[in-house]
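Participant: Hey, dropping model.txt in here, compact mmCIF, C-alpha atoms:
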```txt
# COMPACT_ATOMS: atom_id res chain seq x y z
CA MET H 108 73.23 -28.84 -166.95
CA SER H 109 72.92 -28.92 -170.72
CA SER H 110 75.00 -29.79 -173.72
CA ALA H 111 72.13 -29.41 -176.18
CA LEU H 112 71.12 -25.78 -176.26
CA ASP H 113 68.15 -26.13 -178.63
CA ILE H 114 66.64 -28.90 -176.50
CA THR H 115 67.15 -26.90 -173.31
CA ARG H 116 65.45 -23.86 -174.82
CA ALA H 117 62.48 -26.03 -175.78
CA VAL H 118 62.29 -27.51 -172.28
CA ASN H 119 62.54 -24.03 -170.74
CA PRO H 120 63.69 -25.11 -167.24
CA PRO H 121 63.91 -22.60 -164.38
CA ARG H 122 67.69 -22.43 -164.76
CA ALA H 123 70.31 -24.01 -167.00
CA ALA H 124 74.08 -24.00 -167.41
CA PHE H 125 75.13 -24.84 -170.96
CA LEU H 126 78.45 -26.64 -171.56
CA ASP H 127 79.34 -26.69 -175.26
CA TYR H 128 80.91 -30.17 -175.28
CA PRO H 129 80.08 -33.27 -177.34
CA LEU H 130 77.23 -35.39 -175.98
CA GLY H 131 78.39 -37.73 -173.26
CA HIS H 132 80.47 -35.07 -171.48
CA THR H 133 77.82 -32.97 -169.80
CA THR H 134 79.96 -32.42 -166.72
CA GLY H 135 83.48 -32.56 -168.11
CA LYS H 136 86.33 -34.47 -169.68
CA PRO H 137 87.36 -37.88 -168.35
CA ASN H 138 90.02 -38.10 -165.65
CA ASP H 139 90.29 -34.33 -165.40
CA PRO H 140 88.98 -33.61 -161.91
CA VAL H 141 90.35 -30.06 -161.89
CA LEU H 142 88.32 -29.20 -164.99
CA GLN H 143 85.27 -31.09 -163.69
CA ARG H 144 85.40 -29.12 -160.46
CA ALA H 145 85.67 -25.80 -162.31
CA ILE H 146 82.72 -26.71 -164.54
CA LEU H 147 80.48 -27.68 -161.64
CA LEU H 148 81.39 -24.65 -159.53
CA ASP H 149 80.56 -22.39 -162.46
CA ALA H 150 77.31 -24.25 -163.12
CA LEU H 151 76.19 -24.27 -159.48
CA ASP H 152 76.82 -20.53 -159.31
CA ALA H 153 73.86 -20.22 -161.67
CA LEU H 154 71.62 -21.16 -158.76
CA ILE H 155 72.53 -17.79 -157.29
CA SER H 156 73.44 -15.63 -160.29
CA LEU H 157 70.47 -16.33 -162.57
CA THR H 158 67.63 -14.07 -161.54
CA MET H 159 64.80 -14.87 -163.91
CA PRO H 160 63.18 -18.13 -164.94
CA GLY H 161 64.29 -19.49 -168.29
CA GLN H 162 67.79 -17.97 -168.31
CA VAL H 163 70.69 -20.09 -169.54
CA LYS H 164 74.21 -19.50 -168.23
CA MET H 165 76.72 -20.12 -171.05
CA LEU H 166 79.78 -21.74 -169.49
CA PRO H 167 83.09 -20.55 -170.98
CA PHE H 168 84.82 -23.92 -171.45
CA ARG H 169 85.86 -25.03 -174.96
CA TRP H 170 86.22 -28.71 -175.88
CA SER H 171 89.04 -28.05 -178.34
CA GLU H 172 90.79 -25.19 -180.10
CA ASP H 173 89.26 -25.81 -183.50
CA GLN H 174 85.90 -27.23 -182.35
CA GLY H 175 86.13 -29.74 -185.16
CA TRP H 176 83.69 -32.00 -183.33
CA TYR H 177 80.79 -29.74 -184.32
CA ALA H 178 80.79 -31.05 -187.89
CA THR H 179 80.51 -34.69 -186.84
CA ALA H 180 77.86 -33.94 -184.23
CA GLN H 181 75.74 -31.99 -186.69
CA ARG H 182 76.10 -34.09 -189.80
CA GLY H 183 77.94 -37.29 -188.94
CA PRO H 184 76.58 -40.83 -189.46
CA ASP H 185 73.91 -42.25 -187.17
CA ASP H 186 75.83 -43.61 -184.21
CA ARG H 187 72.83 -44.57 -182.10
CA ARG H 188 72.28 -48.17 -181.11
CA PRO H 189 69.14 -50.20 -181.91
CA ARG H 190 66.27 -49.80 -179.43
CA TYR H 191 66.63 -53.14 -177.67
CA ASP H 192 63.86 -53.85 -175.19
CA THR H 193 65.90 -55.96 -172.79
CA PRO H 194 68.40 -54.64 -170.23
CA GLN H 195 71.70 -53.75 -171.91
CA TYR H 196 74.46 -54.45 -169.44
CA GLN H 197 77.89 -52.84 -169.58
CA THR H 198 79.46 -56.18 -168.59
CA GLU H 199 78.38 -59.80 -168.41
CA GLU H 200 79.29 -59.79 -164.73
CA ASP H 201 76.74 -57.00 -164.20
CA ARG H 202 74.06 -59.17 -165.78
CA GLN H 203 74.84 -62.09 -163.52
CA ARG H 204 74.88 -59.92 -160.40
CA ALA H 205 71.57 -58.30 -161.31
CA GLU H 206 69.86 -61.57 -162.14
CA ALA H 207 70.91 -62.98 -158.78
CA THR H 208 68.85 -60.36 -156.91
CA SER H 209 65.05 -60.26 -156.65
CA THR H 210 64.26 -56.73 -157.90
CA GLY H 211 67.60 -55.53 -159.24
CA GLY H 212 66.88 -52.04 -157.97
CA VAL H 213 64.27 -51.24 -160.64
CA ARG H 214 61.90 -48.50 -159.47
CA GLY H 215 58.91 -47.35 -161.44
CA GLY H 216 58.87 -48.09 -165.13
CA MET P 125 77.71 -22.23 -183.03
CA PRO P 126 76.28 -24.86 -180.70
CA VAL P 127 75.01 -27.99 -182.43
CA ASP P 128 71.27 -28.19 -183.24
CA TYR P 129 70.11 -31.55 -181.96
CA ILE P 130 66.35 -31.31 -182.48
CA PRO P 131 66.38 -31.49 -186.31
CA ARG P 132 68.90 -34.31 -186.20
CA ILE P 133 66.84 -36.33 -183.70
CA GLN P 134 63.62 -35.73 -185.61
CA GLU P 135 65.28 -37.05 -188.72
CA LYS P 136 66.35 -40.19 -186.91
CA TYR P 137 62.85 -40.81 -185.53
CA ALA P 138 61.48 -40.40 -189.06
CA GLN P 139 63.99 -42.91 -190.36
CA GLU P 140 62.94 -45.37 -187.65
CA GLY P 141 59.37 -45.14 -188.94
CA PHE P 142 57.81 -43.00 -186.23
CA ALA P 143 55.18 -40.44 -187.22
CA SER P 144 56.43 -36.86 -187.30
CA TYR P 145 57.67 -36.24 -183.75
CA ARG P 146 55.87 -33.48 -181.86
CA TRP P 147 58.75 -32.03 -179.86
CA VAL P 148 57.62 -30.60 -176.54
CA VAL P 149 58.12 -26.85 -176.35
CA ASN P 150 57.25 -25.34 -172.98
CA THR P 151 56.16 -21.78 -173.57
CA THR P 152 54.71 -21.05 -170.14
CA PRO P 153 57.21 -19.61 -167.64
CA PRO P 154 58.76 -22.37 -165.53
CA PRO P 155 58.21 -22.39 -161.77
CA TRP P 156 60.74 -20.27 -159.94
CA GLN P 157 62.07 -20.46 -156.40
CA PRO P 158 65.10 -18.46 -155.28
CA LEU P 159 67.64 -20.40 -153.25
CA ARG P 160 66.78 -19.56 -149.65
CA GLN P 161 70.28 -19.93 -148.22
CA PRO P 162 73.83 -19.89 -149.60
CA LEU P 163 75.10 -22.97 -151.45
CA THR P 164 77.39 -23.61 -148.52
CA ALA P 165 74.29 -24.30 -146.43
CA SER P 166 72.26 -26.07 -149.12
CA ARG P 167 71.53 -29.73 -149.69
CA LEU P 168 71.76 -30.67 -153.37
CA GLY P 169 69.99 -33.50 -155.14
CA LEU P 170 71.48 -35.11 -158.23
CA VAL P 171 69.44 -36.57 -161.07
CA ALA P 172 71.01 -37.86 -164.28
CA SER P 173 69.59 -39.26 -167.51
CA GLY P 174 72.69 -40.93 -168.94
CA GLY P 175 71.54 -44.47 -168.19
CA ILE P 176 73.75 -44.84 -165.12
CA TYR P 177 73.23 -47.86 -162.85
CA ARG P 178 75.15 -49.52 -160.07
CA SER P 179 76.63 -52.95 -160.65
CA GLY P 180 74.08 -55.36 -159.18
CA GLN P 181 71.14 -53.32 -160.43
CA VAL P 182 69.23 -54.22 -163.57
CA ALA P 183 70.52 -52.20 -166.52
CA PHE P 184 68.23 -49.96 -168.54
CA HIS P 185 66.77 -51.13 -171.84
CA TYR P 186 66.54 -48.92 -174.90
CA LYS P 187 62.83 -48.97 -175.77
CA ASP P 188 61.23 -46.12 -173.78
CA ASP P 189 62.43 -47.28 -170.38
CA THR P 190 60.67 -45.05 -167.83
CA SER P 191 62.18 -46.75 -164.80
CA PHE P 192 64.72 -45.15 -162.50
CA ARG P 193 67.44 -46.29 -160.12
CA VAL P 194 68.33 -45.09 -156.65
CA ILE P 195 72.08 -44.82 -156.05
CA PRO P 196 73.49 -43.84 -152.63
CA THR P 197 75.64 -40.74 -152.97
CA ASP P 198 78.46 -42.40 -151.05
CA VAL P 199 78.73 -45.19 -153.64
CA ASP P 200 82.19 -46.21 -154.86
CA VAL P 201 82.57 -44.72 -158.37
CA ALA P 202 84.11 -48.05 -159.44
CA GLU P 203 80.66 -49.65 -159.07
CA LEU P 204 78.99 -47.28 -161.54
CA ARG P 205 78.01 -48.46 -165.00
CA MET P 206 76.29 -46.79 -167.92
CA THR P 207 74.26 -47.98 -170.82
CA HIS P 208 72.49 -45.84 -173.42
CA PHE P 209 71.58 -45.95 -177.10
CA ALA P 210 72.06 -42.31 -177.95
CA TYR P 211 75.55 -41.23 -176.93
CA ASP P 212 79.11 -42.47 -177.15
CA LEU P 213 79.66 -44.19 -173.77
CA THR P 214 83.45 -44.44 -174.06
CA ASP P 215 84.41 -41.51 -171.87
CA ALA P 216 81.56 -42.00 -169.39
CA ARG P 217 82.67 -45.60 -168.86
CA ARG P 218 86.24 -44.40 -168.46
CA ASP P 219 85.17 -41.78 -165.89
CA PRO P 220 81.52 -41.73 -164.75
CA ASN P 221 81.92 -38.21 -163.40
CA VAL P 222 81.52 -36.79 -166.91
CA VAL P 223 77.82 -37.72 -166.88
CA PHE P 224 77.25 -38.41 -163.17
CA PRO P 225 79.42 -35.96 -161.20
CA LEU P 226 79.22 -37.64 -157.79
CA ALA P 227 82.92 -37.53 -156.94
CA THR P 228 83.05 -33.90 -158.03
CA LEU P 229 80.09 -32.99 -155.86
CA ARG P 230 81.48 -34.92 -152.90
CA GLY P 231 84.66 -32.90 -153.30
CA LEU P 232 82.71 -29.64 -153.24
CA VAL P 233 80.98 -30.71 -150.02
CA GLN P 234 84.35 -31.60 -148.48
CA GLU P 235 85.77 -28.22 -149.47
CA GLY P 236 82.75 -26.47 -148.00
CA HIS P 237 81.44 -24.98 -151.29
CA LEU P 238 78.29 -27.05 -150.99
CA GLY P 239 76.45 -27.80 -147.74
CA ALA P 240 75.50 -31.41 -148.34
CA LEU P 241 74.43 -33.96 -150.90
CA ALA P 242 71.15 -35.85 -150.65
CA ALA P 243 71.54 -39.39 -149.34
CA ASN P 244 70.59 -40.80 -152.75
CA ALA P 245 70.94 -39.80 -156.37
CA TYR P 246 68.42 -40.77 -159.05
CA THR P 247 69.17 -41.96 -162.55
CA PHE P 248 67.07 -42.79 -165.56
CA MET P 249 67.27 -43.29 -169.27
CA GLY P 250 66.66 -40.44 -171.63
CA GLY P 251 65.32 -40.70 -175.16
CA ILE P 252 61.85 -41.69 -174.00
CA TYR P 253 59.55 -41.19 -176.96
CA SER P 254 56.44 -40.46 -174.91
CA ALA P 255 56.64 -37.09 -173.19
CA ARG P 256 53.29 -37.95 -171.57
CA ARG P 257 54.77 -40.97 -169.83
CA VAL P 258 57.66 -38.89 -168.55
CA GLN P 259 55.26 -36.24 -167.22
CA GLU P 260 52.73 -38.63 -165.74
CA GLU P 261 54.89 -41.53 -164.58
CA LEU P 262 58.58 -40.77 -164.19
CA ALA P 263 58.75 -37.11 -163.18
CA PRO P 264 56.23 -37.29 -160.31
CA GLN P 265 58.05 -40.26 -158.78
CA LEU P 266 61.40 -38.51 -158.99
CA THR P 267 59.88 -35.36 -157.50
CA SER P 268 58.41 -37.14 -154.49
CA HIS P 269 61.71 -38.91 -153.81
CA LEU P 270 63.62 -35.64 -154.02
CA LEU P 271 61.18 -33.94 -151.66
CA ALA P 272 61.66 -36.80 -149.20
CA GLU P 273 65.43 -36.24 -149.47
CA GLN P 274 64.80 -32.67 -148.28
CA VAL P 275 66.92 -31.09 -150.96
CA ASP P 276 67.13 -27.31 -151.44
CA ALA P 277 67.98 -27.61 -155.13
CA VAL P 278 68.46 -30.31 -157.75
CA LEU P 279 71.17 -30.61 -160.38
CA LEU P 280 69.77 -32.39 -163.42
CA VAL P 281 72.49 -33.78 -165.69
CA PRO P 282 71.13 -34.81 -169.07
CA VAL P 283 73.08 -36.39 -171.86
```
Let me see the structure of the file written as structure tokens.
Facilitator:
Amino acid sequence: MSSALDITRAVNPPRAAFLDYPLGHTTGKPNDPVLQRAILLDALDALISLTMPGQVKMLPFRWSEDQGWYATAQRGPDDRRPRYDTPQYQTEEDRQRAEATSTGGVRGG
Amino acid sequence: MPVDYIPRIQEKYAQEGFASYRWVVNTTPPPWQPLRQPLTASRLGLVASGGIYRSGQVAFHYKDDTSFRVIPTDVDVAELRMTHFAYDLTDARRDPNVVFPLATLRGLVQEGHLGALAANAYTFMGGIYSARRVQEELAPQLTSHLLAEQVDAVLLVPV
């Protein structure tokens, strides 16, 4: 999958399916399983329909009618978080559960 | 026109004080393998870079974390969590399937569109500054796990 076409072209993977949605929605919109299913079926079809390495299948789904999100994505303020070097849990309960185990499922790294 | 992310990301790295970022551009043709059987008879692996972990696992950190997590593909979606510095997590936390489409893929297996899912899915953190560390450390480990899962194809879901 891809939602960043310029990055995908630089990577040059064997196959790609590009979904023109804001970052954080690479496989669909939340709580819309019908749309998510359609997106994945269309993307997985690329495994069969793409015939040459480096091709990108452009999926036909639009995020919104006016695509107003483009402007924010291209030129909006920096919304990235600081590069903390300790695990950043979604919830405090997650932290406690992880710290109670010996390895916490970390592989590699 | 699709958004151009590379110039925007390079600008952010420059602002954070990194030297000019040498973005990896792969010009050689990628390896190619046709799918040997229909999707309905294929086993699919799932790999995702949106910082997904399972509650109980250690969460990712944000400073070039090259670790990965193994998540059984029959996991309850309610146990999935995500943490990342580079994208708005709101919708992913509302519905993990938008960055980790496990329920969607399980549905396709049930319907018969897809043969099977690998027993485990693999997740990691994107935004790793060192492409060398990804190539030499992370990618080979993921590859050997996926080969052991005996997958016919892999769906990589970046964010």
Participant: In Å, rounded to a single decimal, give me how far atom CA of Ala117 of chain H is from atom CA of Val149 of chain P.
Facilitator: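 Atom CA of Ala117 of chain H lies 4.5 Å from atom CA of Val149 of chain P.
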Participant: Starting from chain P, keep only residues with some atom at most 6 Å from an atom of chain H, counting all atoms listed in the file, and report them as a list in words.
Facilitator: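 Applying the cut-off to the listed atoms yields Val127, Asp128, Val149, Asn150, Pro154, Trp156, Ser179, Gly180, Gln181, Val182, Ala183, Phe184, His185, Tyr186, Lys187, Thr190, Ser191, Phe192, Arg193, Phe209, Ala210, Tyr211, Asp215, Asp219, Val222, Val223, Thr228, Val281 and Val283 of chain P.
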Participant: As number ranges by chain, please: the residues near segment 139-144 of chain P (cut-off 10 Å, only C-alpha atoms, same-chain neighbours under 3 positions excluded).
Facilitator: H: 189-190; P: 133-136, 147, 253
Participant: Work out how far atom CA of Asp188 of chain P is from atom CA of Ile252 of chain P, in Å to one decimal.
Facilitator: 4.5 Å
Participant: With only C-alpha atoms as the atoms that count, which of P:Leu213, P:Val199, P:Val275, P:Leu204 lies nearest to Leu241 of chain P?
Facilitator: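 Residue with the minimum atom-to-atom distance to Leu241 of chain P: P:Val275.
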